[in-house]
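Containing compact mmCIF, C-alpha atoms: run_6.txt.
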```txt
# COMPACT_ATOMS: atom_id res chain seq x y z
CA MET R 1 -44.14 81.13 -19.47
CA ASN R 2 -45.44 84.32 -21.09
CA THR R 3 -46.43 87.92 -20.36
CA GLN R 4 -49.84 87.19 -18.82
CA GLU R 5 -50.47 88.86 -15.46
CA LYS R 6 -49.94 85.66 -13.47
CA TYR R 7 -46.37 85.69 -14.79
CA SER R 8 -45.56 89.38 -15.29
CA GLN R 9 -46.42 90.28 -11.68
CA PHE R 10 -43.05 88.81 -10.70
CA ALA R 11 -39.78 90.72 -11.17
CA LEU R 12 -38.04 87.37 -11.63
CA ILE R 13 -40.05 86.62 -14.75
CA ARG R 14 -39.82 90.17 -16.10
CA GLU R 15 -36.03 89.94 -15.77
CA MET R 16 -35.98 86.54 -17.46
CA MET R 17 -37.99 88.01 -20.32
CA GLN R 18 -35.44 90.82 -20.74
CA THR R 19 -32.63 88.32 -21.30
CA PRO R 20 -33.13 87.66 -25.05
CA GLU R 21 -32.59 91.35 -25.87
CA ILE R 22 -29.57 91.51 -23.54
CA LEU R 23 -28.05 88.65 -25.53
CA ARG R 24 -29.06 90.18 -28.86
CA ASN R 25 -27.41 93.53 -28.05
CA PHE R 26 -24.31 92.19 -26.31
CA LYS R 27 -20.99 93.86 -27.14
CA LEU R 28 -17.56 92.85 -25.87
CA GLU R 29 -15.84 96.17 -25.24
CA GLN R 30 -12.60 97.57 -23.79
CA VAL R 31 -11.01 94.14 -23.40
CA ASN R 32 -7.69 94.65 -25.21
CA GLU R 33 -5.74 95.00 -21.98
CA VAL R 34 -7.13 91.87 -20.36
CA ILE R 35 -6.80 89.87 -23.59
CA ASN R 36 -3.13 90.81 -23.80
CA ALA R 37 -2.61 89.84 -20.17
CA ILE R 38 -4.25 86.43 -20.68
CA LYS R 39 -2.22 85.77 -23.83
CA GLN R 40 0.96 86.72 -22.01
CA LYS R 41 0.32 84.52 -18.95
CA GLY R 42 -1.54 81.70 -20.69
CA ARG R 43 -3.53 81.11 -17.50
CA LEU R 44 -6.94 82.39 -16.46
CA PHE R 45 -8.71 81.78 -13.14
CA PHE R 46 -12.43 82.50 -12.61
CA THR R 47 -13.80 83.09 -9.14
CA GLY R 48 -17.14 84.14 -7.66
CA GLU R 49 -19.96 82.63 -5.65
CA GLY R 50 -23.13 80.84 -6.70
CA SER R 51 -24.69 82.03 -9.94
CA SER R 52 -21.84 84.46 -10.61
CA ARG R 53 -19.49 81.52 -11.10
CA ILE R 54 -21.33 78.24 -11.76
CA PHE R 55 -22.63 78.91 -15.26
CA PRO R 56 -20.44 81.81 -16.41
CA ALA R 57 -17.10 80.18 -15.58
CA LYS R 58 -17.90 76.56 -16.38
CA ASN R 59 -19.70 77.34 -19.63
CA ALA R 60 -16.73 79.41 -20.83
CA MET R 61 -14.25 76.70 -19.86
CA TYR R 62 -16.29 73.94 -21.49
CA ASN R 63 -16.63 75.79 -24.77
CA ALA R 64 -12.97 76.84 -24.81
CA LYS R 65 -11.86 73.23 -24.32
CA ARG R 66 -14.21 72.06 -27.07
CA ALA R 67 -12.70 74.68 -29.37
CA GLY R 68 -9.18 73.45 -28.61
CA SER R 69 -7.97 76.35 -26.49
CA LYS R 70 -4.46 75.87 -25.09
CA LEU R 71 -5.12 78.18 -22.14
CA ASP R 72 -4.84 76.86 -18.59
CA LEU R 73 -8.36 77.56 -17.27
CA ALA R 74 -9.55 76.94 -13.72
CA THR R 75 -12.26 78.02 -11.30
CA ASP R 76 -13.19 77.84 -7.62
CA GLY R 77 -14.98 79.89 -5.00
CA GLY R 78 -13.27 82.80 -3.26
CA LEU R 79 -12.33 81.24 0.07
CA GLN R 80 -11.00 78.00 -1.37
CA SER R 81 -9.04 80.04 -3.90
CA CYS R 82 -7.29 81.75 -0.99
CA CYS R 83 -5.54 78.41 -0.45
CA TYR R 84 -4.00 78.44 -3.93
CA ASP R 85 -0.87 79.92 -5.44
CA LEU R 86 -2.45 82.11 -8.13
CA SER R 87 0.62 84.20 -8.85
CA ASP R 88 0.84 83.03 -12.46
CA TYR R 89 -2.85 83.46 -13.25
CA VAL R 90 -4.91 86.33 -14.57
CA ILE R 91 -7.83 86.50 -12.13
CA PHE R 92 -11.45 87.33 -12.97
CA GLY R 93 -13.80 87.84 -10.04
CA ALA R 94 -17.53 88.09 -10.73
CA SER R 95 -19.99 89.62 -8.26
CA ASN R 96 -23.18 91.32 -9.36
CA SER R 97 -23.27 93.44 -6.23
CA GLY R 98 -19.51 94.04 -6.14
CA GLN R 99 -19.88 93.37 -2.40
CA THR R 100 -19.54 89.58 -2.17
CA LYS R 101 -17.40 88.89 0.88
CA GLU R 102 -15.54 85.82 -0.37
CA VAL R 103 -14.45 87.44 -3.64
CA ILE R 104 -13.37 90.61 -1.84
CA ARG R 105 -11.35 88.62 0.68
CA LEU R 106 -9.49 86.84 -2.14
CA PHE R 107 -8.85 90.09 -4.01
CA GLU R 108 -7.62 91.77 -0.83
CA ARG R 109 -5.23 88.89 -0.23
CA LEU R 110 -3.90 89.02 -3.80
CA LYS R 111 -3.72 92.82 -3.75
CA SER R 112 -1.60 92.65 -0.57
CA VAL R 113 1.08 90.71 -2.47
CA ASN R 114 0.85 93.07 -5.48
CA HIS R 115 -0.84 90.65 -7.86
CA PRO R 116 -0.87 92.62 -11.13
CA TYR R 117 -3.79 90.98 -12.93
CA LEU R 118 -7.04 91.35 -10.99
CA TYR R 119 -10.17 91.96 -13.08
CA ALA R 120 -13.79 92.24 -11.98
CA LEU R 121 -17.21 91.72 -13.55
CA THR R 122 -20.14 93.38 -11.76
CA ALA R 123 -23.60 94.84 -12.38
CA ASN R 124 -22.99 97.88 -10.15
CA LYS R 125 -20.60 100.83 -10.23
CA ASN R 126 -18.47 102.21 -7.40
CA THR R 127 -18.25 99.00 -5.38
CA LYS R 128 -15.65 97.61 -3.01
CA LEU R 129 -14.60 95.03 -5.59
CA GLU R 130 -13.99 97.77 -8.15
CA THR R 131 -11.48 99.46 -5.82
CA LEU R 132 -9.42 96.25 -5.75
CA ALA R 133 -9.45 95.44 -9.46
CA LYS R 134 -7.11 96.64 -12.18
CA GLN R 135 -10.14 96.96 -14.47
CA THR R 136 -13.84 96.41 -13.83
CA PHE R 137 -16.41 95.53 -16.47
CA ILE R 138 -19.99 96.62 -15.76
CA LEU R 139 -22.83 94.47 -17.09
CA LYS R 140 -25.44 96.18 -19.25
CA CYS R 141 -28.33 94.22 -17.71
CA GLU R 142 -28.51 96.61 -14.73
CA LYS R 143 -29.49 95.69 -11.18
CA GLU R 144 -31.92 92.82 -10.62
CA GLN R 145 -34.88 93.11 -8.26
CA ALA R 146 -35.57 89.40 -7.77
CA VAL R 147 -33.38 87.46 -5.34
CA ALA R 148 -32.63 84.73 -7.88
CA ALA R 149 -30.14 85.98 -10.48
CA THR R 150 -31.19 85.35 -14.07
CA LYS R 151 -30.44 87.94 -16.75
CA SER R 152 -27.08 88.70 -15.12
CA VAL R 153 -26.12 85.01 -15.26
CA ALA R 154 -26.67 84.91 -19.01
CA GLU R 155 -24.76 88.15 -19.62
CA GLN R 156 -21.86 87.10 -17.39
CA GLY R 157 -21.73 83.81 -19.26
CA LEU R 158 -21.70 85.52 -22.62
CA PHE R 159 -19.00 87.96 -21.49
CA TYR R 160 -16.59 85.18 -20.49
CA HIS R 161 -17.54 83.06 -23.51
CA ALA R 162 -16.94 85.95 -25.91
CA LEU R 163 -13.72 86.93 -24.14
CA LEU R 164 -12.20 83.48 -24.60
CA ALA R 165 -13.35 83.39 -28.22
CA ALA R 166 -11.74 86.80 -28.83
CA ILE R 167 -8.43 85.53 -27.43
CA GLU R 168 -8.48 82.97 -30.25
CA GLY R 169 -9.40 85.67 -32.77
CA ASN R 170 -13.01 84.54 -33.04
CA SER R 171 -16.35 86.22 -32.56
CA PHE R 172 -19.96 85.05 -32.58
CA ASP R 173 -21.51 88.52 -32.87
CA LYS R 174 -23.34 87.50 -36.04
CA LYS R 175 -24.91 84.56 -34.23
CA LEU R 176 -26.39 86.64 -31.40
CA PRO R 177 -29.73 87.38 -33.16
CA GLN R 178 -30.23 83.63 -33.68
CA LEU R 179 -29.30 82.99 -30.06
CA ALA R 180 -31.71 85.64 -28.80
CA ASP R 181 -34.58 84.18 -30.84
CA ALA R 182 -33.83 80.62 -29.72
CA PHE R 183 -33.51 81.72 -26.08
CA ASN R 184 -36.90 83.43 -26.28
CA THR R 185 -38.44 80.33 -27.84
CA ALA R 186 -37.13 78.09 -25.06
CA LEU R 187 -38.21 80.58 -22.41
CA THR R 188 -41.79 80.94 -23.63
CA MET R 189 -42.66 77.57 -25.16
CA PRO R 190 -45.55 75.71 -23.49
CA ILE R 191 -44.53 73.09 -20.96
CA ASP R 192 -46.61 69.92 -20.87
CA PRO R 193 -48.77 70.12 -17.69
CA LYS R 194 -47.81 66.50 -16.94
CA ILE R 195 -44.15 67.57 -16.75
CA THR R 196 -45.00 70.53 -14.53
CA SER R 197 -47.07 68.31 -12.24
CA ALA R 198 -44.32 65.70 -11.95
CA VAL R 199 -41.72 68.34 -11.05
CA ALA R 200 -44.06 70.13 -8.64
CA ASN R 201 -44.83 66.89 -6.80
CA ALA R 202 -41.27 65.59 -6.73
CA GLY R 203 -39.52 64.96 -3.44
CA THR R 204 -36.13 65.79 -4.97
CA ILE R 205 -35.47 67.29 -8.40
CA TYR R 206 -32.22 66.06 -9.92
CA PHE R 207 -30.49 67.76 -12.84
CA ALA R 208 -28.09 65.56 -14.76
CA GLY R 209 -25.71 66.88 -17.38
CA LYS R 210 -22.27 67.94 -18.42
CA ASN R 211 -20.02 69.95 -16.12
CA ASP R 212 -20.65 73.05 -18.23
CA GLY R 213 -22.60 74.95 -15.59
CA VAL R 214 -26.09 74.56 -17.04
CA ALA R 215 -27.49 71.67 -14.99
CA GLU R 216 -25.63 72.85 -11.89
CA GLU R 217 -27.01 76.39 -12.19
CA LEU R 218 -30.53 75.03 -12.65
CA THR R 219 -30.03 73.00 -9.48
CA LEU R 220 -29.41 76.21 -7.56
CA LYS R 221 -32.35 77.96 -9.25
CA THR R 222 -34.60 75.06 -8.22
CA ASN R 223 -33.98 75.88 -4.55
CA GLU R 224 -34.60 79.60 -5.04
CA ILE R 225 -37.62 79.38 -7.36
CA THR R 226 -39.50 76.20 -6.36
CA ARG R 227 -38.27 75.85 -2.73
CA LYS R 228 -37.66 72.17 -3.44
CA LYS R 229 -34.65 69.99 -2.74
CA SER R 230 -32.39 69.47 -5.73
CA ASP R 231 -29.10 67.87 -6.67
CA PHE R 232 -26.68 68.16 -9.56
CA LEU R 233 -25.58 64.82 -11.04
CA GLU R 234 -22.48 65.47 -13.12
CA GLY R 235 -21.96 63.46 -16.30
CA THR R 236 -23.32 59.93 -15.83
CA TYR R 237 -23.40 60.10 -12.01
CA ALA R 238 -27.17 59.41 -12.21
CA VAL R 239 -26.48 55.72 -12.91
CA HIS R 240 -23.45 55.25 -10.67
CA GLY R 241 -24.94 54.53 -7.27
CA ILE R 242 -27.24 57.40 -6.35
CA GLU R 243 -30.20 55.37 -7.60
CA GLU R 244 -29.96 53.55 -4.25
CA VAL R 245 -31.57 56.53 -2.48
CA MET R 246 -33.92 57.71 -5.24
CA ASN R 247 -37.63 56.89 -5.22
CA GLU R 248 -40.59 56.92 -7.57
CA LYS R 249 -41.62 60.47 -6.57
CA ASP R 250 -38.26 61.96 -7.51
CA VAL R 251 -37.61 63.47 -10.94
CA VAL R 252 -34.45 63.59 -13.04
CA ILE R 253 -34.14 66.30 -15.69
CA LEU R 254 -31.47 65.43 -18.27
CA VAL R 255 -29.84 68.47 -19.86
CA ASP R 256 -28.34 67.82 -23.32
CA PRO R 257 -27.97 64.14 -22.40
CA PHE R 258 -25.47 61.60 -23.72
CA LYS R 259 -27.31 59.40 -26.22
CA SER R 260 -25.11 56.44 -25.31
CA GLU R 261 -26.65 56.41 -21.81
CA PHE R 262 -30.34 56.37 -22.77
CA GLU R 263 -30.70 52.60 -22.42
CA LYS R 264 -28.93 52.54 -19.05
CA ILE R 265 -31.05 55.45 -17.75
CA GLN R 266 -34.24 53.71 -18.87
CA GLN R 267 -33.15 50.48 -17.22
CA THR R 268 -31.82 51.97 -13.98
CA LEU R 269 -34.03 54.99 -13.25
CA VAL R 270 -37.30 54.47 -15.12
CA ASN R 271 -37.65 50.68 -14.83
CA GLY R 272 -35.54 50.20 -11.71
CA VAL R 273 -36.51 53.16 -9.50
CA GLY R 274 -39.83 53.90 -11.20
CA MET R 275 -39.11 57.62 -11.34
CA LYS R 276 -39.93 60.23 -13.97
CA VAL R 277 -37.11 61.17 -16.35
CA ILE R 278 -37.44 64.33 -18.46
CA ALA R 279 -35.02 65.65 -21.08
CA ILE R 280 -34.07 69.10 -22.34
CA CYS R 281 -32.54 68.53 -25.75
CA ASP R 282 -32.40 69.82 -29.34
CA GLU R 283 -33.89 66.53 -30.58
CA GLU R 284 -36.39 63.99 -29.33
CA THR R 285 -35.28 61.40 -26.77
CA PRO R 286 -36.91 58.23 -25.38
CA PHE R 287 -38.13 60.36 -22.45
CA PRO R 288 -40.65 63.24 -22.31
CA THR R 289 -38.61 65.91 -24.07
CA ILE R 290 -38.58 69.68 -24.06
CA LYS R 291 -37.18 70.18 -27.53
CA VAL R 292 -35.32 73.46 -28.07
CA PRO R 293 -33.68 75.06 -31.12
CA ASP R 294 -30.12 74.02 -31.95
CA VAL R 295 -27.73 77.01 -32.06
CA GLY R 296 -24.47 75.10 -32.03
CA GLU R 297 -21.77 76.43 -29.69
CA LEU R 298 -24.31 78.76 -28.03
CA SER R 299 -26.87 76.06 -27.18
CA SER R 300 -26.04 76.06 -23.46
CA TYR R 301 -27.89 79.37 -23.05
CA VAL R 302 -30.97 77.88 -24.70
CA TYR R 303 -30.90 74.86 -22.37
CA LEU R 304 -30.66 77.28 -19.46
CA ALA R 305 -33.74 79.15 -20.70
CA ALA R 306 -35.74 75.93 -21.03
CA GLY R 307 -34.80 75.04 -17.47
CA TRP R 308 -35.95 78.45 -16.24
CA ASN R 309 -39.24 77.87 -18.03
CA ILE R 310 -39.81 74.55 -16.24
CA LEU R 311 -38.96 76.04 -12.85
CA VAL R 312 -41.23 79.05 -13.30
CA GLU R 313 -44.16 76.85 -14.31
CA THR R 314 -43.46 74.70 -11.27
CA GLY R 315 -43.25 77.68 -8.93
CA ILE R 316 -46.46 79.20 -10.34
CA SER R 317 -48.28 75.87 -9.95
CA LEU R 318 -47.18 75.74 -6.30
CA ASN R 319 -48.42 79.31 -5.63
CA ILE R 320 -44.94 80.50 -4.63
CA ASN R 321 -43.84 84.13 -4.47
CA LEU R 322 -41.02 83.80 -6.98
CA ASP R 323 -39.36 87.06 -5.96
CA LYS R 324 -38.99 86.48 -2.23
CA PRO R 325 -37.45 83.26 -0.92
CA GLN R 326 -37.92 82.96 2.84
CA ARG R 327 -34.23 82.67 3.69
CA ALA R 328 -32.09 83.24 0.59
CA ARG R 329 -30.68 86.76 0.14
CA LYS R 330 -29.70 88.75 -2.93
CA VAL R 331 -26.13 89.01 -1.67
CA GLY R 332 -25.50 85.71 0.06
CA ASN R 333 -22.49 86.82 2.13
CA GLU R 334 -22.10 90.58 1.94
CA TYR R 335 -18.92 92.48 2.68
CA MET R 336 -19.67 94.99 5.43
CA GLY R 337 -16.26 96.67 5.66
CA GLY R 338 -13.52 96.24 8.22
```
For this file, write the structure as structure tokens.
Amino acid sequence: MNTQEKYSQFALIREMMQTPEILRNFKLEQVNEVINAIKQKGRLFFTGEGSSRIFPAKNAMYNAKRAGSKLDLATDGGLQSCCYDLSDYVIFGASNSGQTKEVIRLFERLKSVNHPYLYALTANKNTKLETLAKQTFILKCEKEQAVAATKSVAEQGLFYHALLAAIEGNSFDKKLPQLADAFNTALTMPIDPKITSAVANAGTIYFAGKNDGVAEELTLKTNEITRKKSDFLEGTYAVHGIEEVMNEKDVVILVDPFKSEFEKIQQTLVNGVGMKVIAICDEETPFPTIKVPDVGELSSYVYLAAGWNILVETGISLNINLDKPQRARKVGNEYMGG
């Protein structure tokens, strides 16, 4: 993916290409109040729908657990969260539009019982969600034109990631230039035409990886960008029964795969099913590999960028209008008042 006309004509790609500088210039600001609240309660709950929750919340939780955080961290969508007792949690609701119905319904419910710790993360000012939150943080990426969220996903992810690091007294500000460069590399590196062809011709595109939001978010983006069926295979789910319904035209994309499972994947999926297996990794694997730079604790963003790159090349090869899915909407379930 690059800046040639066949790419730059799409708002989706222009917004993707803005993401490295958004990461490079990111600043965590005005968070003392929420940090104190989280430290006091020891519990933080992330809610939102689709891309506003999958990667941002799960990436933050994964990295916090790896770093040894003692916080009680949890996430779920807005309507399911209405079933929970969240009285002891600090709540963060993310909605780019600030108008997502499920998040607003949860916040209205919590507001009605005087929940004191409701915080919001949006890309727009003066929204319904902002009226319900104790404090609202506005993303710097500004409003997206494409239906599929991209640059906002990365900034939301970095906001939560940086927030949890700050609670532990840590910061990765000095690493952001390296992250931005690595993200740009993964976003613009050439993709082997054989990989693009295999993905474009696949019946179902599976993403297999950790429950850190990356593979799951790419699964959603596959639907929006390539209009193809996709599925997220958490952990080692790819070799625990689903091979029964896979076929040789399907593709599995491994994101930061477990080395210990390479032999089993080769045996079960490549030799057994006869399907194509591709890897996104910071080192070579036994499978066709999109090798990306290693930036340590920030590598999840780079894997995400490489996945975007694959999906864009696939969409372009299929002659798809990347900005306008036929059915998907920018705000999936919009609050209309009342």
Mind running range 140-239 of chain R against range 260-281 of chain R at 8 Å and telling me each contacting residue's nearest atom pair with the distance in Å (one decimal), counting all atoms listed in the file, chain and number ascending, as a tab-separated table?
```
residue	atom	partner	partner_atom	distance
R:Ile195	CA	R:Ile278	CA	7.6
R:Ala198	CA	R:Lys276	CA	7.3
R:Thr236	CA	R:Glu261	CA	7.7
R:Ala238	CA	R:Ile265	CA	7.8
R:Val239	CA	R:Thr268	CA	6.6
```
message: Please list as a PyMOL selection string every residue within 9 Å of Thr204 in chain R, counting all atoms listed in the file and excluding residues in the same chain fewer than 3 positions away.
response: chain R and resi 199+201+228-231+246+249-252
task: Would you mind reading off the distance between CA of Ala149 in chain R and CA of Ala166 in chain R, one decimal, in Å?
output: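 About the pair CA of Ala149 in chain R and CA of Ala166 in chain R: they are 26.0 Å apart.
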- prompt: So which residues touch Leu106 in chain R within 10 Å, counting all atoms listed in the file, skipping near sequence neighbours fewer than 6 positions away, as a list in words?
  reply: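 My list of contacting residues is Thr47, Gly48, Gly77, Gly78, Leu79, Gln80, Ser81, Cys82, Cys83, Gly93 and Ser112 of chain R.
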Would you export the selected residues with C-alpha atoms as a short mmCIF file (atom, residue, chain, number, x, y, z; two decimals), in the frame of the given file, please?
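So selection_6.cif came out as:
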```cif
data_model
loop_
_atom_site.label_atom_id
_atom_site.label_comp_id
_atom_site.auth_asym_id
_atom_site.auth_seq_id
_atom_site.Cartn_x
_atom_site.Cartn_y
_atom_site.Cartn_z
CA THR R 47 -13.80 83.09 -9.14
CA GLY R 48 -17.14 84.14 -7.66
CA GLY R 77 -14.98 79.89 -5.00
CA GLY R 78 -13.27 82.80 -3.26
CA LEU R 79 -12.33 81.24 0.07
CA GLN R 80 -11.00 78.00 -1.37
CA SER R 81 -9.04 80.04 -3.90
CA CYS R 82 -7.29 81.75 -0.99
CA CYS R 83 -5.54 78.41 -0.45
CA GLY R 93 -13.80 87.84 -10.04
CA SER R 112 -1.60 92.65 -0.57
#
```
task: Counting all atoms listed in the file, figure out which residue out of R:Tyr206, R:Phe45, R:Tyr119, R:Tyr160 gets nearest to Asn63 in chain R.
output: R:Tyr160
field: Å distance separating CA of Thr150 in chain R from CA of Gln99 in chain R, one decimal place
entry: 18.1 Å
message: Residues near Ala165 in chain R, anyone? I mean within 9 Å using only C-alpha atoms, not counting same-chain ones fewer than 4 positions away, as a ChimeraX atom specification.
response: /R:63-64,67,160-161,169-172
N, CA and C atoms for range 254-278 of chain R, written as a PDB file, keeping the file's coordinate frame, could you do that?
```pdb
ATOM      1  N   LEU R 254     -32.714  65.580 -17.509  1.00  0.00           N
ATOM      2  CA  LEU R 254     -31.470  65.430 -18.270  1.00  0.00           C
ATOM      3  C   LEU R 254     -31.278  66.652 -19.145  1.00  0.00           C
ATOM      4  N   VAL R 255     -30.125  67.291 -19.048  1.00  0.00           N
ATOM      5  CA  VAL R 255     -29.840  68.470 -19.860  1.00  0.00           C
ATOM      6  C   VAL R 255     -28.818  68.097 -20.930  1.00  0.00           C
ATOM      7  N   ASP R 256     -29.223  68.186 -22.202  1.00  0.00           N
ATOM      8  CA  ASP R 256     -28.340  67.820 -23.320  1.00  0.00           C
ATOM      9  C   ASP R 256     -27.683  66.473 -23.043  1.00  0.00           C
ATOM     10  N   PRO R 257     -28.491  65.422 -22.881  1.00  0.00           N
ATOM     11  CA  PRO R 257     -27.970  64.140 -22.400  1.00  0.00           C
ATOM     12  C   PRO R 257     -27.104  63.400 -23.419  1.00  0.00           C
ATOM     13  N   PHE R 258     -26.291  62.478 -22.888  1.00  0.00           N
ATOM     14  CA  PHE R 258     -25.470  61.600 -23.720  1.00  0.00           C
ATOM     15  C   PHE R 258     -26.367  60.497 -24.282  1.00  0.00           C
ATOM     16  N   LYS R 259     -26.454  60.408 -25.602  1.00  0.00           N
ATOM     17  CA  LYS R 259     -27.310  59.400 -26.220  1.00  0.00           C
ATOM     18  C   LYS R 259     -26.909  57.985 -25.817  1.00  0.00           C
ATOM     19  N   SER R 260     -25.610  57.781 -25.630  1.00  0.00           N
ATOM     20  CA  SER R 260     -25.110  56.440 -25.310  1.00  0.00           C
ATOM     21  C   SER R 260     -25.642  55.918 -23.983  1.00  0.00           C
ATOM     22  N   GLU R 261     -26.187  56.805 -23.144  1.00  0.00           N
ATOM     23  CA  GLU R 261     -26.650  56.410 -21.810  1.00  0.00           C
ATOM     24  C   GLU R 261     -28.154  56.237 -21.722  1.00  0.00           C
ATOM     25  N   PHE R 262     -28.878  56.454 -22.821  1.00  0.00           N
ATOM     26  CA  PHE R 262     -30.340  56.370 -22.770  1.00  0.00           C
ATOM     27  C   PHE R 262     -30.824  55.015 -22.265  1.00  0.00           C
ATOM     28  N   GLU R 263     -30.250  53.937 -22.804  1.00  0.00           N
ATOM     29  CA  GLU R 263     -30.700  52.600 -22.420  1.00  0.00           C
ATOM     30  C   GLU R 263     -30.450  52.337 -20.941  1.00  0.00           C
ATOM     31  N   LYS R 264     -29.280  52.749 -20.460  1.00  0.00           N
ATOM     32  CA  LYS R 264     -28.930  52.540 -19.050  1.00  0.00           C
ATOM     33  C   LYS R 264     -29.844  53.361 -18.137  1.00  0.00           C
ATOM     34  N   ILE R 265     -30.150  54.599 -18.539  1.00  0.00           N
ATOM     35  CA  ILE R 265     -31.050  55.450 -17.750  1.00  0.00           C
ATOM     36  C   ILE R 265     -32.443  54.842 -17.688  1.00  0.00           C
ATOM     37  N   GLN R 266     -32.921  54.358 -18.830  1.00  0.00           N
ATOM     38  CA  GLN R 266     -34.240  53.710 -18.870  1.00  0.00           C
ATOM     39  C   GLN R 266     -34.266  52.495 -17.940  1.00  0.00           C
ATOM     40  N   GLN R 267     -33.222  51.699 -18.014  1.00  0.00           N
ATOM     41  CA  GLN R 267     -33.150  50.480 -17.220  1.00  0.00           C
ATOM     42  C   GLN R 267     -33.030  50.785 -15.726  1.00  0.00           C
ATOM     43  N   THR R 268     -32.147  51.722 -15.375  1.00  0.00           N
ATOM     44  CA  THR R 268     -31.820  51.970 -13.980  1.00  0.00           C
ATOM     45  C   THR R 268     -32.837  52.874 -13.276  1.00  0.00           C
ATOM     46  N   LEU R 269     -33.203  53.989 -13.920  1.00  0.00           N
ATOM     47  CA  LEU R 269     -34.030  54.990 -13.250  1.00  0.00           C
ATOM     48  C   LEU R 269     -35.523  54.822 -13.522  1.00  0.00           C
ATOM     49  N   VAL R 270     -35.877  54.596 -14.781  1.00  0.00           N
ATOM     50  CA  VAL R 270     -37.300  54.470 -15.120  1.00  0.00           C
ATOM     51  C   VAL R 270     -37.835  53.108 -14.685  1.00  0.00           C
ATOM     52  N   ASN R 271     -37.184  52.032 -15.172  1.00  0.00           N
ATOM     53  CA  ASN R 271     -37.650  50.680 -14.830  1.00  0.00           C
ATOM     54  C   ASN R 271     -37.256  50.279 -13.413  1.00  0.00           C
ATOM     55  N   GLY R 272     -36.037  50.620 -13.013  1.00  0.00           N
ATOM     56  CA  GLY R 272     -35.540  50.200 -11.710  1.00  0.00           C
ATOM     57  C   GLY R 272     -36.125  50.981 -10.546  1.00  0.00           C
ATOM     58  N   VAL R 273     -36.007  52.314 -10.593  1.00  0.00           N
ATOM     59  CA  VAL R 273     -36.510  53.160  -9.500  1.00  0.00           C
ATOM     60  C   VAL R 273     -37.998  53.448  -9.674  1.00  0.00           C
ATOM     61  N   GLY R 274     -38.436  53.546 -10.933  1.00  0.00           N
ATOM     62  CA  GLY R 274     -39.830  53.900 -11.200  1.00  0.00           C
ATOM     63  C   GLY R 274     -40.065  55.393 -11.191  1.00  0.00           C
ATOM     64  N   MET R 275     -39.009  56.168 -11.410  1.00  0.00           N
ATOM     65  CA  MET R 275     -39.110  57.620 -11.340  1.00  0.00           C
ATOM     66  C   MET R 275     -39.325  58.231 -12.719  1.00  0.00           C
ATOM     67  N   LYS R 276     -39.706  59.498 -12.724  1.00  0.00           N
ATOM     68  CA  LYS R 276     -39.930  60.230 -13.970  1.00  0.00           C
ATOM     69  C   LYS R 276     -38.604  60.800 -14.456  1.00  0.00           C
ATOM     70  N   VAL R 277     -38.290  60.601 -15.721  1.00  0.00           N
ATOM     71  CA  VAL R 277     -37.110  61.170 -16.350  1.00  0.00           C
ATOM     72  C   VAL R 277     -37.566  62.076 -17.484  1.00  0.00           C
ATOM     73  N   ILE R 278     -37.085  63.314 -17.476  1.00  0.00           N
ATOM     74  CA  ILE R 278     -37.440  64.330 -18.460  1.00  0.00           C
ATOM     75  C   ILE R 278     -36.153  64.811 -19.121  1.00  0.00           C
TER      76      ILE R 278
END
```
